[in-house]
>>> print(open('structure-v4.csv').read())   # CSV, C-alpha atoms and all ligand atoms
chain,number,residue,atom,x,y,z
A,170,MET,CA,-52.8,-51.6,-2.5
A,171,ARG,CA,-56.0,-52.2,-0.6
A,172,GLN,CA,-55.8,-52.1,3.2
A,173,GLU,CA,-56.6,-55.8,3.6
A,174,ASN,CA,-53.7,-56.6,1.3
A,175,VAL,CA,-51.0,-55.1,3.5
A,176,LEU,CA,-49.7,-56.1,6.9
A,177,VAL,CA,-49.9,-53.3,9.4
A,178,ASP,CA,-49.5,-53.8,13.2
A,179,ASN,CA,-51.3,-52.1,16.1
A,180,PHE,CA,-48.5,-49.5,16.3
A,181,GLY,CA,-48.9,-48.4,12.6
A,182,ARG,CA,-45.8,-50.2,11.4
A,183,THR,CA,-46.1,-51.9,8.0
A,184,VAL,CA,-44.5,-55.3,7.8
A,185,ASN,CA,-42.9,-55.8,4.4
A,186,TYR,CA,-39.8,-57.9,5.2
A,187,VAL,CA,-39.7,-61.6,6.3
A,188,ARG,CA,-36.8,-63.6,7.4
A,189,ILE,CA,-37.1,-67.3,7.0
A,190,SER,CA,-35.0,-69.8,8.9
A,191,VAL,CA,-35.0,-72.9,6.7
A,192,THR,CA,-33.1,-75.1,9.1
A,193,ASP,CA,-31.8,-74.9,12.7
A,194,ARG,CA,-28.8,-77.1,11.8
A,195,CYS,CA,-25.4,-75.8,10.9
A,196,ASP,CA,-21.9,-76.9,10.0
A,197,PHE,CA,-20.5,-74.4,12.6
A,198,ARG,CA,-21.3,-74.0,16.3
A,199,CYS,CA,-20.6,-70.3,16.9
A,200,VAL,CA,-20.2,-69.7,20.7
A,201,TYR,CA,-22.7,-66.8,20.8
A,202,CYS,CA,-25.3,-68.6,18.7
A,203,MET,CA,-25.4,-72.2,19.9
A,204,ASP,CA,-24.4,-74.2,23.0
A,205,GLU,CA,-21.9,-77.0,22.5
A,206,GLU,CA,-24.6,-79.7,22.7
A,207,MET,CA,-27.7,-78.8,20.8
A,208,GLN,CA,-31.0,-80.6,20.3
A,209,PHE,CA,-32.2,-80.0,16.7
A,210,VAL,CA,-35.8,-80.1,15.4
A,211,PRO,CA,-36.8,-83.6,14.3
A,212,ARG,CA,-37.4,-83.8,10.5
A,213,ALA,CA,-41.1,-84.4,10.8
A,214,LYS,CA,-41.6,-81.1,12.5
A,215,LEU,CA,-39.6,-79.1,9.9
A,216,LEU,CA,-41.6,-77.2,7.3
A,217,SER,CA,-41.0,-78.8,3.9
A,218,LEU,CA,-39.6,-76.6,1.2
A,219,GLU,CA,-43.0,-76.6,-0.5
A,220,GLU,CA,-44.7,-75.4,2.7
A,221,ILE,CA,-42.1,-72.7,3.1
A,222,GLY,CA,-42.8,-71.7,-0.6
A,223,VAL,CA,-46.5,-71.4,0.1
A,224,ILE,CA,-46.0,-69.2,3.2
A,225,ALA,CA,-43.6,-67.0,1.2
A,226,ARG,CA,-46.2,-66.6,-1.5
A,227,ALA,CA,-48.9,-65.7,1.0
A,228,PHE,CA,-46.6,-63.0,2.4
A,229,THR,CA,-45.8,-61.5,-1.0
A,230,GLU,CA,-49.6,-61.4,-1.7
A,231,LEU,CA,-49.8,-59.3,1.4
A,232,GLY,CA,-47.3,-56.7,0.4
A,233,VAL,CA,-44.0,-58.3,1.6
A,234,GLY,CA,-41.3,-57.2,-0.9
A,235,LYS,CA,-38.2,-58.6,0.8
A,236,ILE,CA,-37.5,-62.1,1.9
A,237,ARG,CA,-34.2,-63.2,3.6
A,238,ILE,CA,-33.3,-66.9,3.7
A,239,THR,CA,-31.3,-67.7,6.8
A,240,GLY,CA,-30.9,-70.4,9.5
A,241,GLY,CA,-29.0,-72.3,11.0
A,242,GLU,CA,-26.9,-72.5,7.9
A,243,PRO,CA,-29.5,-72.3,5.1
A,244,LEU,CA,-27.1,-73.7,2.4
A,245,ILE,CA,-26.7,-77.0,4.1
A,246,ARG,CA,-30.4,-77.9,3.7
A,247,ARG,CA,-30.9,-80.4,0.9
A,248,ASN,CA,-32.4,-79.1,-2.4
A,249,ILE,CA,-32.4,-75.5,-1.0
A,250,ILE,CA,-31.7,-74.1,-4.5
A,251,LYS,CA,-35.2,-75.2,-5.5
A,252,LEU,CA,-36.7,-73.0,-2.8
A,253,PHE,CA,-34.6,-70.0,-3.9
A,254,ARG,CA,-35.8,-70.6,-7.5
A,255,ASP,CA,-39.5,-70.8,-6.4
A,256,ILE,CA,-39.3,-67.7,-4.2
A,257,GLY,CA,-37.3,-65.8,-6.7
A,258,GLN,CA,-40.2,-66.1,-9.2
A,259,LEU,CA,-42.9,-64.7,-6.9
A,260,ASP,CA,-44.8,-61.7,-8.1
A,261,GLY,CA,-44.3,-58.6,-6.0
A,262,LEU,CA,-41.0,-59.7,-4.5
A,263,ASP,CA,-38.4,-57.0,-5.0
A,264,GLU,CA,-35.5,-58.6,-3.0
A,265,LEU,CA,-34.5,-62.1,-2.3
A,266,VAL,CA,-31.5,-62.1,0.0
A,267,LEU,CA,-29.5,-64.6,2.0
A,268,THR,CA,-27.5,-64.7,5.2
A,269,THR,CA,-24.9,-67.5,5.3
A,270,ASN,CA,-21.7,-68.5,7.0
A,271,GLY,CA,-20.1,-68.8,3.5
A,272,SER,CA,-18.9,-72.4,3.8
A,273,GLN,CA,-21.1,-73.7,0.9
A,274,LEU,CA,-20.7,-70.7,-1.4
A,275,PRO,CA,-17.8,-72.2,-3.5
A,276,LYS,CA,-20.4,-74.8,-4.6
A,277,LEU,CA,-23.6,-72.7,-4.7
A,278,ALA,CA,-22.8,-69.1,-5.5
A,279,GLY,CA,-23.6,-69.4,-9.2
A,280,GLU,CA,-26.9,-71.2,-8.7
A,281,LEU,CA,-28.0,-68.7,-6.1
A,282,LYS,CA,-27.4,-65.8,-8.5
A,283,ASP,CA,-29.2,-67.6,-11.3
A,284,ALA,CA,-32.2,-68.1,-8.8
A,285,GLY,CA,-32.5,-64.4,-8.3
A,286,VAL,CA,-30.5,-63.7,-5.2
A,287,LYS,CA,-29.0,-60.2,-5.5
A,288,ARG,CA,-27.5,-59.5,-2.1
A,289,ILE,CA,-25.7,-61.8,0.3
A,290,ASN,CA,-24.7,-61.3,3.9
A,291,ILE,CA,-21.7,-63.5,4.9
A,292,SER,CA,-20.7,-63.9,8.6
A,293,LEU,CA,-17.1,-63.5,9.4
A,294,ASP,CA,-15.9,-62.7,12.9
A,295,SER,CA,-12.1,-63.1,12.6
A,296,LEU,CA,-9.4,-63.2,10.0
A,297,ASP,CA,-7.2,-65.3,12.3
A,298,PRO,CA,-7.6,-69.1,11.6
A,299,ASP,CA,-7.2,-70.1,15.3
A,300,LYS,CA,-9.5,-67.4,16.6
A,301,PHE,CA,-12.0,-68.2,13.9
A,302,ARG,CA,-11.9,-71.9,14.9
A,303,ARG,CA,-12.4,-70.9,18.6
A,304,LEU,CA,-15.4,-68.6,17.8
A,305,THR,CA,-17.1,-71.1,15.5
A,306,ARG,CA,-15.8,-74.2,17.5
A,307,VAL,CA,-15.4,-76.2,14.3
A,308,GLY,CA,-15.3,-73.7,11.4
A,309,GLU,CA,-12.4,-73.4,8.9
A,310,LEU,CA,-11.5,-69.9,8.0
A,311,ASP,CA,-10.1,-71.0,4.6
A,312,LYS,CA,-13.4,-72.4,3.5
A,313,VAL,CA,-15.2,-69.2,4.3
A,314,LEU,CA,-12.6,-67.0,2.6
A,315,ALA,CA,-13.0,-69.3,-0.5
A,316,GLY,CA,-16.8,-68.7,-0.2
A,317,ILE,CA,-16.3,-65.0,-0.1
A,318,ASP,CA,-14.0,-65.2,-3.2
A,319,ALA,CA,-16.6,-67.3,-5.0
A,320,ALA,CA,-19.4,-64.8,-4.2
A,321,LEU,CA,-17.2,-61.9,-5.4
A,322,ALA,CA,-16.4,-63.7,-8.6
A,323,THR,CA,-20.1,-64.4,-9.2
A,324,GLY,CA,-21.0,-60.7,-9.2
A,325,PHE,CA,-23.8,-60.2,-6.7
A,326,GLU,CA,-25.1,-56.6,-6.5
A,327,LYS,CA,-23.9,-56.3,-2.9
A,328,ILE,CA,-22.1,-58.5,-0.5
A,329,LYS,CA,-22.0,-57.5,3.2
A,330,ILE,CA,-19.9,-59.0,5.9
A,331,ASN,CA,-21.6,-59.5,9.3
A,332,SER,CA,-19.3,-59.6,12.4
A,333,VAL,CA,-20.4,-60.2,16.0
A,334,ILE,CA,-17.7,-58.6,18.2
A,335,LEU,CA,-17.0,-60.0,21.7
A,336,LYS,CA,-14.8,-58.2,24.2
A,337,ASN,CA,-11.3,-59.7,24.6
A,338,ARG,CA,-12.1,-62.3,21.8
A,339,ASN,CA,-12.1,-60.4,18.5
A,340,ASP,CA,-12.5,-56.7,19.4
A,341,ASP,CA,-8.9,-56.2,18.3
A,342,GLU,CA,-9.9,-57.1,14.8
A,343,VAL,CA,-12.5,-54.5,13.9
A,344,THR,CA,-10.1,-52.3,11.8
A,345,ASP,CA,-8.8,-55.4,10.0
A,346,LEU,CA,-12.3,-56.6,9.3
A,347,VAL,CA,-13.2,-53.2,7.8
A,348,GLU,CA,-10.0,-53.2,5.8
A,349,PHE,CA,-10.8,-56.7,4.5
A,350,ALA,CA,-14.3,-55.6,3.4
A,351,SER,CA,-13.4,-52.3,1.9
A,352,THR,CA,-10.5,-53.6,-0.2
A,353,ARG,CA,-12.9,-56.0,-1.7
A,354,GLY,CA,-15.8,-53.5,-2.3
A,355,MET,CA,-18.0,-55.1,0.4
A,356,ASP,CA,-20.0,-53.5,3.1
A,357,ILE,CA,-19.7,-54.6,6.7
A,358,SER,CA,-22.0,-54.6,9.7
A,359,PHE,CA,-21.1,-55.0,13.3
A,360,ILE,CA,-23.6,-56.7,15.5
A,361,GLU,CA,-24.0,-56.5,19.3
A,362,GLU,CA,-24.4,-60.0,20.9
A,363,MET,CA,-28.0,-60.7,21.8
A,364,PRO,CA,-29.1,-62.8,24.7
A,365,LEU,CA,-30.9,-65.5,22.7
A,366,GLY,CA,-30.8,-68.9,24.3
A,367,VAL,CA,-28.7,-70.2,27.2
A,368,ILE,CA,-25.1,-70.7,26.4
A,369,GLY,CA,-22.4,-72.0,28.7
A,370,GLU,CA,-19.3,-70.8,26.8
A,371,HIS,CA,-19.1,-67.2,28.1
A,372,ASP,CA,-20.9,-64.6,30.1
A,373,ARG,CA,-22.8,-62.5,27.6
A,374,ALA,CA,-22.7,-59.4,29.9
A,375,GLU,CA,-18.9,-59.7,30.3
A,376,ALA,CA,-18.4,-60.2,26.5
A,377,TYR,CA,-20.5,-57.1,25.6
A,378,TYR,CA,-18.7,-54.8,23.3
A,379,SER,CA,-20.9,-51.9,22.3
A,380,SER,CA,-21.3,-50.3,18.8
A,381,ASP,CA,-20.0,-47.1,20.3
A,382,GLU,CA,-16.7,-48.8,21.4
A,383,ILE,CA,-16.3,-50.2,17.8
A,384,ARG,CA,-17.1,-46.7,16.4
A,385,ALA,CA,-14.4,-45.2,18.6
A,386,ASP,CA,-11.9,-47.9,17.5
A,387,LEU,CA,-12.6,-47.1,13.8
A,388,ASP,CA,-12.6,-43.4,14.3
A,389,ALA,CA,-8.8,-43.7,15.0
A,390,HIS,CA,-8.3,-45.0,11.5
A,391,TYR,CA,-11.1,-43.9,9.2
A,392,THR,CA,-13.3,-40.9,8.6
A,393,LEU,CA,-16.9,-42.3,9.1
A,394,LEU,CA,-19.6,-40.1,7.5
A,395,PRO,CA,-23.1,-40.7,8.9
A,396,THR,CA,-25.7,-41.5,6.2
A,397,THR,CA,-29.5,-41.8,6.4
A,398,GLU,CA,-29.3,-44.7,3.9
A,399,THR,CA,-31.1,-47.9,4.8
A,400,THR,CA,-31.3,-51.4,3.4
A,401,GLY,CA,-34.6,-52.0,5.1
A,402,GLY,CA,-32.9,-53.7,8.1
A,403,PRO,CA,-31.9,-52.5,11.5
A,404,SER,CA,-28.3,-51.3,10.6
A,405,ARG,CA,-27.3,-47.7,11.1
A,406,TYR,CA,-24.9,-46.9,8.3
A,407,TYR,CA,-21.8,-44.7,7.9
A,408,HIS,CA,-19.7,-44.2,4.7
A,409,ILE,CA,-16.0,-44.6,4.9
A,410,ALA,CA,-14.7,-41.4,3.2
A,411,GLU,CA,-13.2,-42.0,-0.2
A,412,THR,CA,-14.5,-45.6,-0.5
A,413,SER,CA,-17.8,-47.0,-1.6
A,414,THR,CA,-17.9,-49.1,1.6
A,415,ARG,CA,-20.5,-48.7,4.2
A,416,VAL,CA,-20.1,-49.7,7.8
A,417,GLY,CA,-23.3,-50.6,9.6
A,418,PHE,CA,-24.0,-51.0,13.3
A,419,ILE,CA,-26.8,-53.3,14.6
A,420,SER,CA,-27.1,-52.2,18.2
A,421,PRO,CA,-30.1,-53.8,19.9
A,422,HIS,CA,-28.7,-52.8,23.3
A,423,SER,CA,-27.3,-49.3,22.8
A,424,HIS,CA,-29.6,-48.0,20.0
A,425,ASN,CA,-32.9,-49.8,20.0
A,426,PHE,CA,-34.4,-50.1,16.5
A,427,CYS,CA,-37.9,-51.3,17.4
A,428,ASP,CA,-39.8,-48.1,16.4
A,429,SER,CA,-39.0,-48.7,12.8
A,430,CYS,CA,-39.4,-52.4,12.8
A,431,ASN,CA,-40.8,-53.7,9.5
A,432,ARG,CA,-40.1,-57.4,9.8
A,433,VAL,CA,-41.2,-60.8,11.2
A,434,ARG,CA,-39.5,-64.2,11.3
A,435,LEU,CA,-40.5,-67.7,10.4
A,436,THR,CA,-38.8,-70.5,12.2
A,437,CYS,CA,-37.9,-73.8,10.5
A,438,GLU,CA,-40.8,-75.5,12.3
A,439,GLY,CA,-43.3,-72.9,11.1
A,440,ARG,CA,-43.6,-70.6,14.0
A,441,LEU,CA,-44.1,-67.0,13.0
A,442,LEU,CA,-42.2,-64.9,15.5
A,443,LEU,CA,-43.5,-61.3,15.7
A,444,CYS,CA,-40.4,-60.0,17.5
A,445,LEU,CA,-36.8,-61.1,17.7
A,446,GLY,CA,-36.7,-60.6,21.5
A,447,GLN,CA,-40.2,-61.8,22.5
A,448,GLU,CA,-42.1,-65.0,22.4
A,449,HIS,CA,-45.3,-63.8,20.7
A,450,SER,CA,-45.9,-66.2,17.8
A,451,VAL,CA,-48.4,-67.9,15.6
A,452,ASP,CA,-48.2,-71.6,14.6
A,453,LEU,CA,-48.4,-71.4,10.8
A,454,ARG,CA,-47.4,-75.1,10.4
A,455,GLN,CA,-50.6,-76.0,12.1
A,456,VAL,CA,-52.6,-73.7,9.9
A,457,ILE,CA,-51.2,-75.1,6.6
A,458,ARG,CA,-51.3,-78.7,7.7
A,459,THR,CA,-54.9,-78.5,9.0
A,460,HIS,CA,-56.1,-76.7,5.9
A,461,PRO,CA,-53.8,-77.6,3.1
A,462,GLY,CA,-54.2,-75.4,0.0
A,463,ASP,CA,-56.4,-72.9,1.8
A,464,MET,CA,-54.5,-69.7,0.9
A,465,ASP,CA,-57.3,-67.4,2.3
A,466,ARG,CA,-57.0,-69.0,5.7
A,467,LEU,CA,-53.2,-68.7,5.7
A,468,LYS,CA,-53.4,-65.0,4.7
A,469,GLN,CA,-56.1,-64.5,7.4
A,470,ALA,CA,-53.6,-65.9,10.0
A,471,LEU,CA,-50.9,-63.6,8.8
A,472,ARG,CA,-53.2,-60.6,9.0
A,473,ALA,CA,-54.4,-61.6,12.5
A,474,SER,CA,-50.7,-62.0,13.6
A,475,MET,CA,-50.3,-58.3,13.3
A,476,ASN,CA,-52.5,-57.8,16.4
A,477,ILE,CA,-49.9,-59.5,18.6
A,478,LYS,CA,-46.7,-57.9,17.3
A,479,PRO,CA,-45.1,-56.4,20.4
A,480,LYS,CA,-43.9,-52.9,20.6
A,481,GLY,CA,-40.3,-53.9,21.1
A,482,HIS,CA,-37.7,-56.1,22.7
A,483,GLU,CA,-36.4,-55.7,26.2
A,484,PHE,CA,-32.9,-57.3,26.1
A,485,ASP,CA,-31.1,-57.2,29.4
A,486,LEU,CA,-27.7,-58.9,29.4
A,487,SER,CA,-27.3,-58.8,33.1
A,488,ALA,CA,-30.6,-60.7,33.8
A,489,LYS,CA,-31.3,-64.4,33.5
A,490,PRO,CA,-32.2,-65.2,29.8
A,491,VAL,CA,-35.9,-64.8,29.1
A,492,ILE,CA,-35.6,-66.0,25.5
A,493,PHE,CA,-34.8,-69.7,25.5
A,494,ARG,CA,-34.6,-70.1,21.7
A,495,HIS,CA,-31.1,-69.7,20.2
A,496,MET,CA,-30.4,-67.6,17.2
A,497,ASN,CA,-30.2,-70.6,14.9
A,498,MET,CA,-34.0,-71.1,15.6
A,499,THR,CA,-34.8,-67.5,15.5
A,500,GLY,CA,-33.5,-66.8,12.0
A,501,GLY,CA,-31.0,-64.0,12.3
B,1,LIG,N1,-25.5,-69.4,9.6
B,1,LIG,C1,-25.7,-68.1,8.9
B,1,LIG,C2,-24.7,-67.1,9.4
B,1,LIG,O1,-24.0,-67.4,10.3
B,1,LIG,O2,-24.6,-66.1,8.7
B,1,LIG,C3,-27.1,-67.6,9.1
B,1,LIG,C4,-27.8,-67.7,10.4
B,1,LIG,S1,-27.0,-66.8,11.7
B,1,LIG,C5,-28.1,-67.2,13.1
B,1,LIG,C6,-27.3,-65.1,11.3
B,1,LIG,C7,-26.5,-64.1,12.0
B,1,LIG,O3,-26.9,-64.1,13.3
B,1,LIG,C8,-25.0,-64.2,11.9
B,1,LIG,O4,-24.5,-63.1,11.3
B,1,LIG,C9,-24.6,-64.5,13.3
B,1,LIG,O5,-23.3,-63.9,13.5
B,1,LIG,C10,-25.7,-63.7,14.1
B,1,LIG,N2,-25.9,-64.2,15.4
B,1,LIG,C11,-26.0,-65.5,15.9
B,1,LIG,N3,-26.2,-65.5,17.2
B,1,LIG,C12,-26.2,-64.2,17.6
B,1,LIG,C13,-26.4,-63.6,18.9
B,1,LIG,N4,-26.6,-64.3,20.0
B,1,LIG,N5,-26.4,-62.3,18.9
B,1,LIG,C14,-26.1,-61.5,17.8
B,1,LIG,N6,-26.0,-62.0,16.6
B,1,LIG,C15,-26.0,-63.4,16.5
B,2,LIG,FE1,-24.2,-71.5,12.4
B,2,LIG,FE2,-24.7,-69.0,11.7
B,2,LIG,FE3,-25.2,-69.8,14.2
B,2,LIG,FE4,-22.7,-69.6,13.5
B,2,LIG,S1,-24.2,-68.0,13.6
B,2,LIG,S2,-23.6,-71.4,14.5
B,2,LIG,S3,-22.8,-70.2,11.4
B,2,LIG,S4,-26.2,-70.5,12.4
>>> encode(input="structure-v4.csv", output="structure tokens", more="lines below")
Ligand code: SAM
Ligand code: SF4
Amino acid sequence: MRQENVLVDNFGRTVNYVRISVTDRCDFRCVYCMDEEMQFVPRAKLLSLEEIGVIARAFTELGVGKIRITGGEPLIRRNIIKLFRDIGQLDGLDELVLTTNGSQLPKLAGELKDAGVKRINISLDSLDPDKFRRLTRVGELDKVLAGIDAALATGFEKIKINSVILKNRNDDEVTDLVEFASTRGMDISFIEEMPLGVIGEHDRAEAYYSSDEIRADLDAHYTLLPTTETTGGPSRYYHIAETSTRVGFISPHSHNFCDSCNRVRLTCEGRLLLCLGQEHSVDLRQVIRTHPGDMDRLKQALRASMNIKPKGHEFDLSAKPVIFRHMNMTGG
């Protein structure tokens, strides 16, 4: 591929992975992701599905081979399957993947597979209905379990569970969550809570439960074999001996992953975020609304954005939050 047709930043990192948040709205209100009262983006400011499709095409023409659709809860956006179908047909795209809370999967799993989605990440932090309700504020565990069953029955290539672990809230469940995933042939990743947005529900520093603590909990029950395998994301993986299940750790605090960063994020209002933990961004909505149909100009904006991709994040749980956008805006 010619040099002008790839995205390379000033630190020599090639960007080949884009996460797109298609909505900031959600049917859950997870305590680490959102505050109880949230202001959502007014509809006029949201990118349309067509605009998202155009930006996705520009990215694939610049060497991006992997696109993750996320949110908010992506599957509650109206007509979202059309976007999956459009993106699924883009030349040069190797992987169309999804992160979801699972609540809509009983309805949509089949259509997602038909649209070309091969891998799904489903978030699940607890197997106890009351605890699940407290962590999501409004979520029903049964619905998510039904969504996981529907995804398993549909036959995606890979399904991965994502669990955010908070001290004294669900840290007693890490083994049960691994058991749940492995008996169903799924992978699981544990995510350290990140300080994105102001939340009143708990103190993020007090709730911090590190990947190393989770590893130690699991070591008491399983043999974890380190692997150098990667799925192109920030997880460090281990195999559980004698199963096909991989356990991943996403550890922005304890094992910074910025050196190998290959990704950028698009918010639902069209802001291209160059780093999860920094505010450097480009307003792509303005580019495409000022120059509709001008693919060259859009691609030029994407190339230019590489000049402001920061070296890395500097999360500090004990300091006042410096990133005021919540994860539902960021596109986790
Ligand atoms: N609603 C979908 C879901 O929950 O899977 C997709 C969007 S959600 C923002 C994506 C992932 O980010 C979820 O796995 C969620 O647990 C995680 N997440 C949200 N807020 C977080 C935070 N402050 N720190 C770490 N992970 C977070
Ligand atoms: Fe919704 Fe996902 Fe955020 Fe939970 S983590 S509130 S499910 S967007």
>>> residues_near_ligand(input="structure-v4.csv", ligand="ligand LIG 1 (chain B)", cutoff="7 Å", atoms="only C-alpha atoms and all ligand atoms", output="NGL selection string")
:A and (195 or 201-202 or 239-243 or 268-270 or 290-292 or 331-333 or 360-365 or 496-497 or 500-501)
>>> atom_distance(input="structure-v4.csv", atom1="CA of Ile330 (chain A)", atom2="CA of Glu342 (chain A)")
13.5 Å
>>> atom_distance(input="structure-v4.csv", atom1="CA of Leu218 (chain A)", atom2="CA of Ile328 (chain A)")
25.2 Å
>>> atom_distance(input="structure-v4.csv", atom1="atom S2 of ligand LIG 2 (chain B)", atom2="CA of Val200 (chain A)")
7.3 Å
>>> residues_around(input="structure-v4.csv", residues="Phe359 (chain A)", least_positions_apart="5", cutoff="10 Å", atoms="all atoms listed in the file", output="list of chain:residue names")
A:Asp294, A:Ile330, A:Asn331, A:Ser332, A:Val333, A:Ile334, A:Val343, A:Leu346, A:Val347, A:Ser379, A:Ser380, A:Ile383, A:Arg384, A:Ser404, A:Arg405, A:Val416, A:Gly417, A:Phe418, A:Ile419, A:Ser420
>>> residues_around(input="structure-v4.csv", residues="region 387-401 of chain A", least_positions_apart="5", cutoff="7 Å", atoms="all atoms listed in the file", output="NGL selection string")
:A and (344 or 406-410)
>>> closest_residue(input="structure-v4.csv", among="A:Lys336, A:Lys329, A:Arg194, A:Arg247", to="ligand LIG 2 (chain B)", atoms="all atoms listed in the file")
A:Arg194
>>> residues_around(input="structure-v4.csv", residues="Met475 (chain A)", least_positions_apart="6", cutoff="8 Å", atoms="all atoms listed in the file", output="ChimeraX atom specification")
/A:176-179,443
>>> closest_residue(input="structure-v4.csv", among="A:His495, A:Arg415, A:Arg472, A:Arg254", to="ligand LIG 2 (chain B)", atoms="only C-alpha atoms and all ligand atoms")
A:His495
>>> closest_residue(input="structure-v4.csv", among="A:Ala227, A:Leu441, A:Leu281, A:Ala376", to="Val266 (chain A)", atoms="all atoms listed in the file")
A:Leu281
>>> closest_residue(input="structure-v4.csv", among="A:Val175, A:Ile249, A:Leu293, A:Ala315", to="ligand LIG 2 (chain B)", atoms="all atoms listed in the file")
A:Leu293
>>> residues_around(input="structure-v4.csv", residues="Glu206 (chain A)", least_positions_apart="2", cutoff="12 Å", atoms="all atoms listed in the file", output="ChimeraX atom specification")
/A:194,198-200,202-204,208-209,306,367-370
>>> residues_around(input="structure-v4.csv", residues="Leu231 (chain A)", least_positions_apart="2", cutoff="6 Å", atoms="all atoms listed in the file", output="mmCIF file with C-alpha atoms, in the frame of the given file")
data_model
loop_
_atom_site.group_PDB
_atom_site.id
_atom_site.type_symbol
_atom_site.label_atom_id
_atom_site.label_comp_id
_atom_site.auth_asym_id
_atom_site.auth_seq_id
_atom_site.Cartn_x
_atom_site.Cartn_y
_atom_site.Cartn_z
ATOM 1 C CA ASN A 174 -53.700 -56.600 1.300
ATOM 2 C CA VAL A 175 -51.000 -55.100 3.500
ATOM 3 C CA PHE A 228 -46.600 -63.000 2.400
ATOM 4 C CA THR A 229 -45.800 -61.500 -1.000
ATOM 5 C CA VAL A 233 -44.000 -58.300 1.600
#
>>> closest_residue(input="structure-v4.csv", among="A:Glu348, A:Cys427, A:Arg303, A:Gly462", to="Glu219 (chain A)", atoms="all atoms listed in the file")
A:Gly462
>>> closest_residue(input="structure-v4.csv", among="A:Gly308, A:Gly446, A:Pro479, A:Gly181", to="ligand LIG 2 (chain B)", atoms="all atoms listed in the file")
A:Gly308
>>> build_atoms(input="structure-v4.csv", residues="region 441-445 of chain A", atoms="all heavy atoms", output="PDB file, in the frame of the given file")
ATOM      1  N   LEU A 441     -44.334 -68.410  13.400  1.00  0.00           N
ATOM      2  CA  LEU A 441     -44.100 -67.000  13.000  1.00  0.00           C
ATOM      3  C   LEU A 441     -43.842 -66.185  14.187  1.00  0.00           C
ATOM      4  O   LEU A 441     -44.711 -65.989  15.046  1.00  0.00           O
ATOM      5  CB  LEU A 441     -45.377 -66.505  12.238  1.00  0.00           C
ATOM      6  CG  LEU A 441     -45.240 -65.077  11.706  1.00  0.00           C
ATOM      7  CD1 LEU A 441     -44.238 -65.007  10.562  1.00  0.00           C
ATOM      8  CD2 LEU A 441     -46.597 -64.540  11.247  1.00  0.00           C
ATOM      9  N   LEU A 442     -42.598 -65.686  14.291  1.00  0.00           N
ATOM     10  CA  LEU A 442     -42.200 -64.900  15.500  1.00  0.00           C
ATOM     11  C   LEU A 442     -42.406 -63.413  15.107  1.00  0.00           C
ATOM     12  O   LEU A 442     -41.885 -62.925  14.100  1.00  0.00           O
ATOM     13  CB  LEU A 442     -40.726 -65.100  15.768  1.00  0.00           C
ATOM     14  CG  LEU A 442     -40.331 -66.457  16.333  1.00  0.00           C
ATOM     15  CD1 LEU A 442     -38.811 -66.589  16.315  1.00  0.00           C
ATOM     16  CD2 LEU A 442     -40.862 -66.615  17.752  1.00  0.00           C
ATOM     17  N   LEU A 443     -43.142 -62.728  15.971  1.00  0.00           N
ATOM     18  CA  LEU A 443     -43.500 -61.300  15.700  1.00  0.00           C
ATOM     19  C   LEU A 443     -42.406 -60.369  16.121  1.00  0.00           C
ATOM     20  O   LEU A 443     -42.425 -59.203  15.745  1.00  0.00           O
ATOM     21  CB  LEU A 443     -44.831 -60.975  16.286  1.00  0.00           C
ATOM     22  CG  LEU A 443     -46.105 -61.480  15.586  1.00  0.00           C
ATOM     23  CD1 LEU A 443     -46.055 -61.183  14.093  1.00  0.00           C
ATOM     24  CD2 LEU A 443     -46.367 -62.954  15.796  1.00  0.00           C
ATOM     25  N   CYS A 444     -41.475 -60.856  16.970  1.00  0.00           N
ATOM     26  CA  CYS A 444     -40.400 -60.000  17.500  1.00  0.00           C
ATOM     27  C   CYS A 444     -39.200 -60.855  17.813  1.00  0.00           C
ATOM     28  O   CYS A 444     -39.350 -61.935  18.386  1.00  0.00           O
ATOM     29  CB  CYS A 444     -40.876 -59.249  18.729  1.00  0.00           C
ATOM     30  SG  CYS A 444     -39.588 -58.293  19.563  1.00  0.00           S
ATOM     31  N   LEU A 445     -38.014 -60.363  17.457  1.00  0.00           N
ATOM     32  CA  LEU A 445     -36.800 -61.100  17.700  1.00  0.00           C
ATOM     33  C   LEU A 445     -36.600 -61.398  19.212  1.00  0.00           C
ATOM     34  O   LEU A 445     -36.121 -62.463  19.593  1.00  0.00           O
ATOM     35  CB  LEU A 445     -35.617 -60.197  17.246  1.00  0.00           C
ATOM     36  CG  LEU A 445     -34.182 -60.566  17.537  1.00  0.00           C
ATOM     37  CD1 LEU A 445     -33.796 -61.817  16.778  1.00  0.00           C
ATOM     38  CD2 LEU A 445     -33.265 -59.417  17.147  1.00  0.00           C
TER      39      LEU A 445
END
